[in-house]
>>> print(open('upload_3.pdb').read())   # PDB, N, CA and C atoms and all ligand atoms
MODEL        1
ATOM      1  N   MET T  30     -56.323  76.952 -25.935  1.00  0.00           N
ATOM      2  CA  MET T  30     -56.960  75.804 -26.580  1.00  0.00           C
ATOM      3  C   MET T  30     -58.204  75.345 -25.821  1.00  0.00           C
ATOM      4  N   LEU T  31     -58.022  75.112 -24.530  1.00  0.00           N
ATOM      5  CA  LEU T  31     -59.140  74.611 -23.739  1.00  0.00           C
ATOM      6  C   LEU T  31     -59.867  75.764 -23.053  1.00  0.00           C
ATOM      7  N   ASP T  32     -60.630  76.459 -23.829  1.00  0.00           N
ATOM      8  CA  ASP T  32     -61.380  77.575 -23.268  1.00  0.00           C
ATOM      9  C   ASP T  32     -62.487  77.030 -22.371  1.00  0.00           C
ATOM     10  N   SER T  33     -62.780  77.758 -21.297  1.00  0.00           N
ATOM     11  CA  SER T  33     -63.854  77.304 -20.407  1.00  0.00           C
ATOM     12  C   SER T  33     -65.197  77.859 -20.854  1.00  0.00           C
ATOM     13  N   THR T  34     -65.155  78.915 -21.663  1.00  0.00           N
ATOM     14  CA  THR T  34     -66.386  79.460 -22.219  1.00  0.00           C
ATOM     15  C   THR T  34     -66.183  79.717 -23.708  1.00  0.00           C
ATOM     16  N   CYS T  35     -67.298  79.949 -24.392  1.00  0.00           N
ATOM     17  CA  CYS T  35     -67.303  80.326 -25.793  1.00  0.00           C
ATOM     18  C   CYS T  35     -66.450  81.587 -25.974  1.00  0.00           C
ATOM     19  N   CYS T  36     -65.688  81.646 -27.061  1.00  0.00           N
ATOM     20  CA  CYS T  36     -64.799  82.806 -27.220  1.00  0.00           C
ATOM     21  C   CYS T  36     -65.463  83.973 -27.940  1.00  0.00           C
ATOM     22  N   ALA T  37     -66.730  83.842 -28.286  1.00  0.00           N
ATOM     23  CA  ALA T  37     -67.437  84.970 -28.886  1.00  0.00           C
ATOM     24  C   ALA T  37     -67.657  86.044 -27.824  1.00  0.00           C
ATOM     25  N   PRO T  38     -67.677  87.296 -28.257  1.00  0.00           N
ATOM     26  CA  PRO T  38     -67.840  88.377 -27.270  1.00  0.00           C
ATOM     27  C   PRO T  38     -69.134  88.252 -26.475  1.00  0.00           C
ATOM     28  N   ASN T  39     -69.045  88.446 -25.182  1.00  0.00           N
ATOM     29  CA  ASN T  39     -70.209  88.443 -24.285  1.00  0.00           C
ATOM     30  C   ASN T  39     -70.949  87.120 -24.218  1.00  0.00           C
ATOM     31  N   CYS T  40     -70.308  86.026 -24.562  1.00  0.00           N
ATOM     32  CA  CYS T  40     -70.981  84.728 -24.507  1.00  0.00           C
ATOM     33  C   CYS T  40     -70.343  83.873 -23.429  1.00  0.00           C
ATOM     34  N   LEU T  41     -71.156  83.329 -22.543  1.00  0.00           N
ATOM     35  CA  LEU T  41     -70.641  82.514 -21.441  1.00  0.00           C
ATOM     36  C   LEU T  41     -71.040  81.052 -21.562  1.00  0.00           C
ATOM     37  N   GLU T  42     -71.499  80.674 -22.760  1.00  0.00           N
ATOM     38  CA  GLU T  42     -71.905  79.279 -22.979  1.00  0.00           C
ATOM     39  C   GLU T  42     -70.678  78.369 -22.989  1.00  0.00           C
ATOM     40  N   LYS T  43     -70.931  77.083 -22.788  1.00  0.00           N
ATOM     41  CA  LYS T  43     -69.851  76.098 -22.813  1.00  0.00           C
ATOM     42  C   LYS T  43     -69.366  75.874 -24.246  1.00  0.00           C
ATOM     43  N   PRO T  44     -68.064  75.692 -24.434  1.00  0.00           N
ATOM     44  CA  PRO T  44     -67.538  75.432 -25.777  1.00  0.00           C
ATOM     45  C   PRO T  44     -68.125  74.151 -26.353  1.00  0.00           C
ATOM     46  N   TYR T  45     -68.392  74.185 -27.643  1.00  0.00           N
ATOM     47  CA  TYR T  45     -69.005  73.045 -28.323  1.00  0.00           C
ATOM     48  C   TYR T  45     -68.117  72.551 -29.461  1.00  0.00           C
ATOM     49  N   ALA T  46     -67.540  73.480 -30.199  1.00  0.00           N
ATOM     50  CA  ALA T  46     -66.708  73.112 -31.339  1.00  0.00           C
ATOM     51  C   ALA T  46     -65.606  74.134 -31.530  1.00  0.00           C
ATOM     52  N   PRO T  47     -64.512  73.722 -32.168  1.00  0.00           N
ATOM     53  CA  PRO T  47     -63.423  74.679 -32.382  1.00  0.00           C
ATOM     54  C   PRO T  47     -63.706  75.646 -33.522  1.00  0.00           C
ATOM     55  N   ALA T  48     -63.190  76.858 -33.369  1.00  0.00           N
ATOM     56  CA  ALA T  48     -63.169  77.844 -34.452  1.00  0.00           C
ATOM     57  C   ALA T  48     -61.732  78.331 -34.481  1.00  0.00           C
ATOM     58  N   GLY T  49     -60.943  77.777 -35.387  1.00  0.00           N
ATOM     59  CA  GLY T  49     -59.511  78.049 -35.369  1.00  0.00           C
ATOM     60  C   GLY T  49     -58.915  77.426 -34.122  1.00  0.00           C
ATOM     61  N   THR T  50     -58.112  78.179 -33.380  1.00  0.00           N
ATOM     62  CA  THR T  50     -57.476  77.644 -32.173  1.00  0.00           C
ATOM     63  C   THR T  50     -58.340  77.855 -30.943  1.00  0.00           C
ATOM     64  N   ARG T  51     -59.518  78.455 -31.126  1.00  0.00           N
ATOM     65  CA  ARG T  51     -60.391  78.720 -29.991  1.00  0.00           C
ATOM     66  C   ARG T  51     -61.659  77.875 -30.065  1.00  0.00           C
ATOM     67  N   SER T  52     -62.500  78.024 -29.050  1.00  0.00           N
ATOM     68  CA  SER T  52     -63.720  77.224 -28.995  1.00  0.00           C
ATOM     69  C   SER T  52     -64.944  78.111 -28.923  1.00  0.00           C
ATOM     70  N   ILE T  53     -65.999  77.651 -29.560  1.00  0.00           N
ATOM     71  CA  ILE T  53     -67.257  78.404 -29.522  1.00  0.00           C
ATOM     72  C   ILE T  53     -68.396  77.476 -29.133  1.00  0.00           C
ATOM     73  N   CYS T  54     -69.464  78.058 -28.622  1.00  0.00           N
ATOM     74  CA  CYS T  54     -70.613  77.284 -28.179  1.00  0.00           C
ATOM     75  C   CYS T  54     -71.435  76.820 -29.382  1.00  0.00           C
ATOM     76  N   LYS T  55     -72.419  75.986 -29.130  1.00  0.00           N
ATOM     77  CA  LYS T  55     -73.221  75.409 -30.207  1.00  0.00           C
ATOM     78  C   LYS T  55     -73.928  76.489 -31.037  1.00  0.00           C
ATOM     79  N   ASP T  56     -74.553  77.427 -30.357  1.00  0.00           N
ATOM     80  CA  ASP T  56     -75.279  78.488 -31.064  1.00  0.00           C
ATOM     81  C   ASP T  56     -74.353  79.287 -31.970  1.00  0.00           C
ATOM     82  N   HIS T  57     -73.180  79.646 -31.424  1.00  0.00           N
ATOM     83  CA  HIS T  57     -72.245  80.432 -32.217  1.00  0.00           C
ATOM     84  C   HIS T  57     -71.628  79.595 -33.328  1.00  0.00           C
ATOM     85  N   PHE T  58     -71.476  78.299 -33.063  1.00  0.00           N
ATOM     86  CA  PHE T  58     -70.944  77.414 -34.096  1.00  0.00           C
ATOM     87  C   PHE T  58     -71.912  77.367 -35.278  1.00  0.00           C
ATOM     88  N   LEU T  59     -73.188  77.245 -34.990  1.00  0.00           N
ATOM     89  CA  LEU T  59     -74.207  77.225 -36.051  1.00  0.00           C
ATOM     90  C   LEU T  59     -74.230  78.563 -36.792  1.00  0.00           C
ATOM     91  N   ASN T  60     -74.084  79.623 -36.032  1.00  0.00           N
ATOM     92  CA  ASN T  60     -74.022  80.967 -36.610  1.00  0.00           C
ATOM     93  C   ASN T  60     -72.809  81.080 -37.553  1.00  0.00           C
ATOM     94  N   PHE T  61     -71.687  80.546 -37.106  1.00  0.00           N
ATOM     95  CA  PHE T  61     -70.447  80.562 -37.887  1.00  0.00           C
ATOM     96  C   PHE T  61     -70.626  79.762 -39.187  1.00  0.00           C
ATOM     97  N   LEU T  62     -71.279  78.605 -39.077  1.00  0.00           N
ATOM     98  CA  LEU T  62     -71.555  77.777 -40.258  1.00  0.00           C
ATOM     99  C   LEU T  62     -72.404  78.542 -41.266  1.00  0.00           C
ATOM    100  N   THR T  63     -73.454  79.160 -40.750  1.00  0.00           N
ATOM    101  CA  THR T  63     -74.358  79.924 -41.610  1.00  0.00           C
ATOM    102  C   THR T  63     -73.614  81.051 -42.297  1.00  0.00           C
ATOM    103  N   TRP T  64     -72.788  81.733 -41.542  1.00  0.00           N
ATOM    104  CA  TRP T  64     -72.010  82.853 -42.070  1.00  0.00           C
ATOM    105  C   TRP T  64     -71.100  82.377 -43.198  1.00  0.00           C
ATOM    106  N   ARG T  65     -70.441  81.240 -42.978  1.00  0.00           N
ATOM    107  CA  ARG T  65     -69.535  80.704 -44.000  1.00  0.00           C
ATOM    108  C   ARG T  65     -70.313  80.291 -45.241  1.00  0.00           C
ATOM    109  N   ARG T  66     -71.490  79.708 -45.034  1.00  0.00           N
ATOM    110  CA  ARG T  66     -72.313  79.312 -46.183  1.00  0.00           C
ATOM    111  C   ARG T  66     -72.744  80.526 -46.984  1.00  0.00           C
ATOM    112  N   ARG T  67     -73.101  81.564 -46.267  1.00  0.00           N
ATOM    113  CA  ARG T  67     -73.536  82.797 -46.923  1.00  0.00           C
ATOM    114  C   ARG T  67     -72.424  83.377 -47.780  1.00  0.00           C
ATOM    115  N   ARG T  68     -71.192  83.140 -47.396  1.00  0.00           N
ATOM    116  CA  ARG T  68     -70.072  83.674 -48.166  1.00  0.00           C
ATOM    117  C   ARG T  68     -69.773  82.831 -49.395  1.00  0.00           C
ATOM    118  N   GLY T  69     -70.530  81.763 -49.582  1.00  0.00           N
ATOM    119  CA  GLY T  69     -70.398  80.971 -50.800  1.00  0.00           C
ATOM    120  C   GLY T  69     -69.816  79.599 -50.550  1.00  0.00           C
ATOM    121  N   ALA T  70     -70.146  78.670 -51.446  1.00  0.00           N
ATOM    122  CA  ALA T  70     -69.711  77.285 -51.310  1.00  0.00           C
ATOM    123  C   ALA T  70     -68.197  77.174 -51.339  1.00  0.00           C
ATOM    124  N   ARG T  71     -67.557  78.058 -52.081  1.00  0.00           N
ATOM    125  CA  ARG T  71     -66.109  77.981 -52.214  1.00  0.00           C
ATOM    126  C   ARG T  71     -65.451  78.221 -50.865  1.00  0.00           C
ATOM    127  N   MET T  72     -65.881  79.262 -50.198  1.00  0.00           N
ATOM    128  CA  MET T  72     -65.342  79.567 -48.872  1.00  0.00           C
ATOM    129  C   MET T  72     -65.632  78.423 -47.902  1.00  0.00           C
ATOM    130  N   PHE T  73     -66.821  77.877 -48.016  1.00  0.00           N
ATOM    131  CA  PHE T  73     -67.230  76.795 -47.126  1.00  0.00           C
ATOM    132  C   PHE T  73     -66.286  75.604 -47.244  1.00  0.00           C
ATOM    133  N   HIS T  74     -65.946  75.251 -48.466  1.00  0.00           N
ATOM    134  CA  HIS T  74     -65.070  74.093 -48.674  1.00  0.00           C
ATOM    135  C   HIS T  74     -63.617  74.431 -48.407  1.00  0.00           C
ATOM    136  N   THR T  75     -63.227  75.657 -48.719  1.00  0.00           N
ATOM    137  CA  THR T  75     -61.844  76.070 -48.480  1.00  0.00           C
ATOM    138  C   THR T  75     -61.508  75.968 -47.007  1.00  0.00           C
ATOM    139  N   TYR T  76     -62.440  76.381 -46.180  1.00  0.00           N
ATOM    140  CA  TYR T  76     -62.215  76.392 -44.730  1.00  0.00           C
ATOM    141  C   TYR T  76     -61.794  75.020 -44.223  1.00  0.00           C
ATOM    142  N   ALA T  77     -62.419  73.973 -44.745  1.00  0.00           N
ATOM    143  CA  ALA T  77     -62.119  72.616 -44.299  1.00  0.00           C
ATOM    144  C   ALA T  77     -60.653  72.254 -44.514  1.00  0.00           C
ATOM    145  N   GLY T  78     -60.047  72.817 -45.552  1.00  0.00           N
ATOM    146  CA  GLY T  78     -58.659  72.487 -45.843  1.00  0.00           C
ATOM    147  C   GLY T  78     -57.655  73.480 -45.284  1.00  0.00           C
ATOM    148  N   MET T  79     -58.133  74.409 -44.482  1.00  0.00           N
ATOM    149  CA  MET T  79     -57.251  75.451 -43.951  1.00  0.00           C
ATOM    150  C   MET T  79     -56.476  74.990 -42.732  1.00  0.00           C
ATOM    151  N   THR T  80     -55.345  75.662 -42.483  1.00  0.00           N
ATOM    152  CA  THR T  80     -54.601  75.415 -41.249  1.00  0.00           C
ATOM    153  C   THR T  80     -55.298  76.175 -40.123  1.00  0.00           C
ATOM    154  N   MET T  81     -54.928  75.855 -38.894  1.00  0.00           N
ATOM    155  CA  MET T  81     -55.523  76.520 -37.733  1.00  0.00           C
ATOM    156  C   MET T  81     -55.340  78.032 -37.800  1.00  0.00           C
ATOM    157  N   GLU T  82     -54.149  78.479 -38.209  1.00  0.00           N
ATOM    158  CA  GLU T  82     -53.884  79.924 -38.275  1.00  0.00           C
ATOM    159  C   GLU T  82     -54.806  80.593 -39.277  1.00  0.00           C
ATOM    160  N   GLU T  83     -54.994  79.923 -40.404  1.00  0.00           N
ATOM    161  CA  GLU T  83     -55.870  80.484 -41.432  1.00  0.00           C
ATOM    162  C   GLU T  83     -57.311  80.521 -40.932  1.00  0.00           C
ATOM    163  N   ARG T  84     -57.692  79.477 -40.219  1.00  0.00           N
ATOM    164  CA  ARG T  84     -59.053  79.440 -39.657  1.00  0.00           C
ATOM    165  C   ARG T  84     -59.252  80.543 -38.635  1.00  0.00           C
ATOM    166  N   ASP T  85     -58.203  80.834 -37.889  1.00  0.00           N
ATOM    167  CA  ASP T  85     -58.280  81.923 -36.908  1.00  0.00           C
ATOM    168  C   ASP T  85     -58.627  83.241 -37.584  1.00  0.00           C
ATOM    169  N   THR T  86     -58.031  83.453 -38.747  1.00  0.00           N
ATOM    170  CA  THR T  86     -58.292  84.687 -39.503  1.00  0.00           C
ATOM    171  C   THR T  86     -59.765  84.761 -39.885  1.00  0.00           C
ATOM    172  N   ILE T  87     -60.293  83.642 -40.369  1.00  0.00           N
ATOM    173  CA  ILE T  87     -61.698  83.587 -40.765  1.00  0.00           C
ATOM    174  C   ILE T  87     -62.598  83.775 -39.537  1.00  0.00           C
ATOM    175  N   ALA T  88     -62.254  83.087 -38.462  1.00  0.00           N
ATOM    176  CA  ALA T  88     -63.048  83.184 -37.240  1.00  0.00           C
ATOM    177  C   ALA T  88     -63.042  84.616 -36.704  1.00  0.00           C
ATOM    178  N   ALA T  89     -61.889  85.278 -36.804  1.00  0.00           N
ATOM    179  CA  ALA T  89     -61.787  86.662 -36.331  1.00  0.00           C
ATOM    180  C   ALA T  89     -62.689  87.568 -37.167  1.00  0.00           C
ATOM    181  N   GLU T  90     -62.702  87.302 -38.469  1.00  0.00           N
ATOM    182  CA  GLU T  90     -63.543  88.081 -39.378  1.00  0.00           C
ATOM    183  C   GLU T  90     -65.017  87.896 -39.022  1.00  0.00           C
ATOM    184  N   TRP T  91     -65.367  86.651 -38.777  1.00  0.00           N
ATOM    185  CA  TRP T  91     -66.754  86.330 -38.407  1.00  0.00           C
ATOM    186  C   TRP T  91     -67.124  87.003 -37.085  1.00  0.00           C
ATOM    187  N   MET T  92     -66.188  86.975 -36.137  1.00  0.00           N
ATOM    188  CA  MET T  92     -66.484  87.554 -34.826  1.00  0.00           C
ATOM    189  C   MET T  92     -66.789  89.039 -34.910  1.00  0.00           C
ATOM    190  N   LYS T  93     -66.156  89.720 -35.876  1.00  0.00           N
ATOM    191  CA  LYS T  93     -66.456  91.142 -36.071  1.00  0.00           C
ATOM    192  C   LYS T  93     -67.921  91.301 -36.452  1.00  0.00           C
ATOM    193  N   THR T  94     -68.441  90.370 -37.236  1.00  0.00           N
ATOM    194  CA  THR T  94     -69.830  90.485 -37.673  1.00  0.00           C
ATOM    195  C   THR T  94     -70.792  90.215 -36.526  1.00  0.00           C
ATOM    196  N   ILE T  95     -70.459  89.279 -35.625  1.00  0.00           N
ATOM    197  CA  ILE T  95     -71.403  89.046 -34.521  1.00  0.00           C
ATOM    198  C   ILE T  95     -71.383  90.207 -33.550  1.00  0.00           C
ATOM    199  N   ARG T  96     -70.248  90.858 -33.423  1.00  0.00           N
ATOM    200  CA  ARG T  96     -70.196  92.014 -32.539  1.00  0.00           C
ATOM    201  C   ARG T  96     -71.193  93.058 -33.030  1.00  0.00           C
ATOM    202  N   MET T  97     -71.271  93.200 -34.353  1.00  0.00           N
ATOM    203  CA  MET T  97     -72.192  94.174 -34.924  1.00  0.00           C
ATOM    204  C   MET T  97     -73.641  93.730 -34.733  1.00  0.00           C
ATOM    205  N   ASP T  98     -73.884  92.443 -35.010  1.00  0.00           N
ATOM    206  CA  ASP T  98     -75.243  91.916 -34.868  1.00  0.00           C
ATOM    207  C   ASP T  98     -75.757  92.043 -33.439  1.00  0.00           C
ATOM    208  N   GLU T  99     -74.850  91.845 -32.484  1.00  0.00           N
ATOM    209  CA  GLU T  99     -75.276  91.796 -31.098  1.00  0.00           C
ATOM    210  C   GLU T  99     -75.069  93.102 -30.357  1.00  0.00           C
ATOM    211  N   ALA T 100     -74.723  94.138 -31.079  1.00  0.00           N
ATOM    212  CA  ALA T 100     -74.586  95.440 -30.441  1.00  0.00           C
ATOM    213  C   ALA T 100     -75.932  95.822 -29.855  1.00  0.00           C
ATOM    214  N   PRO T 101     -75.927  96.288 -28.614  1.00  0.00           N
ATOM    215  CA  PRO T 101     -77.206  96.603 -27.980  1.00  0.00           C
ATOM    216  C   PRO T 101     -77.959  97.678 -28.759  1.00  0.00           C
ATOM    217  N   ALA T 102     -79.174  97.365 -29.117  1.00  0.00           N
ATOM    218  CA  ALA T 102     -80.000  98.339 -29.843  1.00  0.00           C
ATOM    219  C   ALA T 102     -80.442  99.410 -28.869  1.00  0.00           C
ATOM    220  N   PRO T 103     -80.498 100.636 -29.325  1.00  0.00           N
ATOM    221  CA  PRO T 103     -80.963 101.700 -28.429  1.00  0.00           C
ATOM    222  C   PRO T 103     -82.393 101.435 -27.980  1.00  0.00           C
ATOM    223  N   ALA T 104     -82.628 101.543 -26.693  1.00  0.00           N
ATOM    224  CA  ALA T 104     -83.965 101.280 -26.166  1.00  0.00           C
ATOM    225  C   ALA T 104     -84.966 102.277 -26.717  1.00  0.00           C
ATOM    226  N   PRO T 105     -86.061 101.771 -27.234  1.00  0.00           N
ATOM    227  CA  PRO T 105     -87.070 102.714 -27.775  1.00  0.00           C
ATOM    228  C   PRO T 105     -87.681 103.557 -26.672  1.00  0.00           C
ATOM    229  N   LYS T 106     -87.806 104.828 -26.947  1.00  0.00           N
ATOM    230  CA  LYS T 106     -88.392 105.712 -25.940  1.00  0.00           C
ATOM    231  C   LYS T 106     -89.907 105.683 -26.054  1.00  0.00           C
ATOM    232  N   LEU T 107     -90.550 105.507 -24.927  1.00  0.00           N
ATOM    233  CA  LEU T 107     -92.009 105.434 -24.959  1.00  0.00           C
ATOM    234  C   LEU T 107     -92.633 106.787 -24.616  1.00  0.00           C
TER     235      LEU T 107
HETATM  236 ZN    ZN Q   1     -71.225  81.490 -27.851  1.00  0.00          ZN
ENDMDL
END
>>> encode(input="upload_3.pdb", output="structure tokens")
Amino acid sequence: MLDSTCCAPNCLEKPYAPAGTRSICKDHFLNFLTWRRRRGARMFHTYAGMTMEERDTIAAEWMKTIRMDEAPAPAPKL
């Protein structure tokens, strides 16, 4: 519950808001909000009424997407 750092992969920022039973930093929280909005208004509103366990599922799904976004790009060869 009381994470000392953001629970997103490779992030050492201080926790800002909960994502399910875990905590994420401000940047990742905003990213999570954007992701939920992109999935549609229905998902956005549904999340508010979800239990912690259900939110964990959503947060886990979102975390898979940030892992992909933040995968190190191959360094361009000069
Ligand atoms: Zn973070």
>>> resolve_selection(input="upload_3.pdb", expression="the PyMOL selection byres (((not hetatm)) within 8 of (chain Q and resi 1))", output="PyMOL selection string")
chain T and resi 34-45+52-58
>>> residues_around(input="upload_3.pdb", residues="segment 64-69 of chain T", least_positions_apart="3", cutoff="10 Å", atoms="only C-alpha atoms", output="list in words")
Phe58, Leu59, Asn60, Phe61, Met72, Phe73, His74, Tyr76, Ile87, Ala88, Trp91, Thr94 and Ile95 of chain T
>>> select_by_dssp(input="upload_3.pdb", residues="chain T", states="strand (DSSP E or B)", output="PyMOL selection string")
chain T and resi 46-48+51-53
>>> atom_distance(input="upload_3.pdb", atom1="atom CA of Thr86 of chain T", atom2="atom CA of Ala48 of chain T")
9.8 Å
>>> atom_distance(input="upload_3.pdb", atom1="atom C of Gly78 of chain T", atom2="atom N of Ser33 of chain T")
24.9 Å
>>> select_by_dssp(input="upload_3.pdb", residues="chain T", states="helix (DSSP H, G or I)", output="ChimeraX atom specification")
/T:55-67,70-77,81-98
>>> axis_aligned_box(input="upload_3.pdb", around="segment 42-46 of chain T", padding_each_side="5 Å", output="JSON")
{"center_x": -68.8, "center_y": 76.6, "center_z": -27.1, "size_x": 16.3, "size_y": 18.1, "size_z": 18.8}
>>> atom_distance(input="upload_3.pdb", atom1="atom CA of Gly49 of chain T", atom2="atom CA of Thr80 of chain T")
8.1 Å
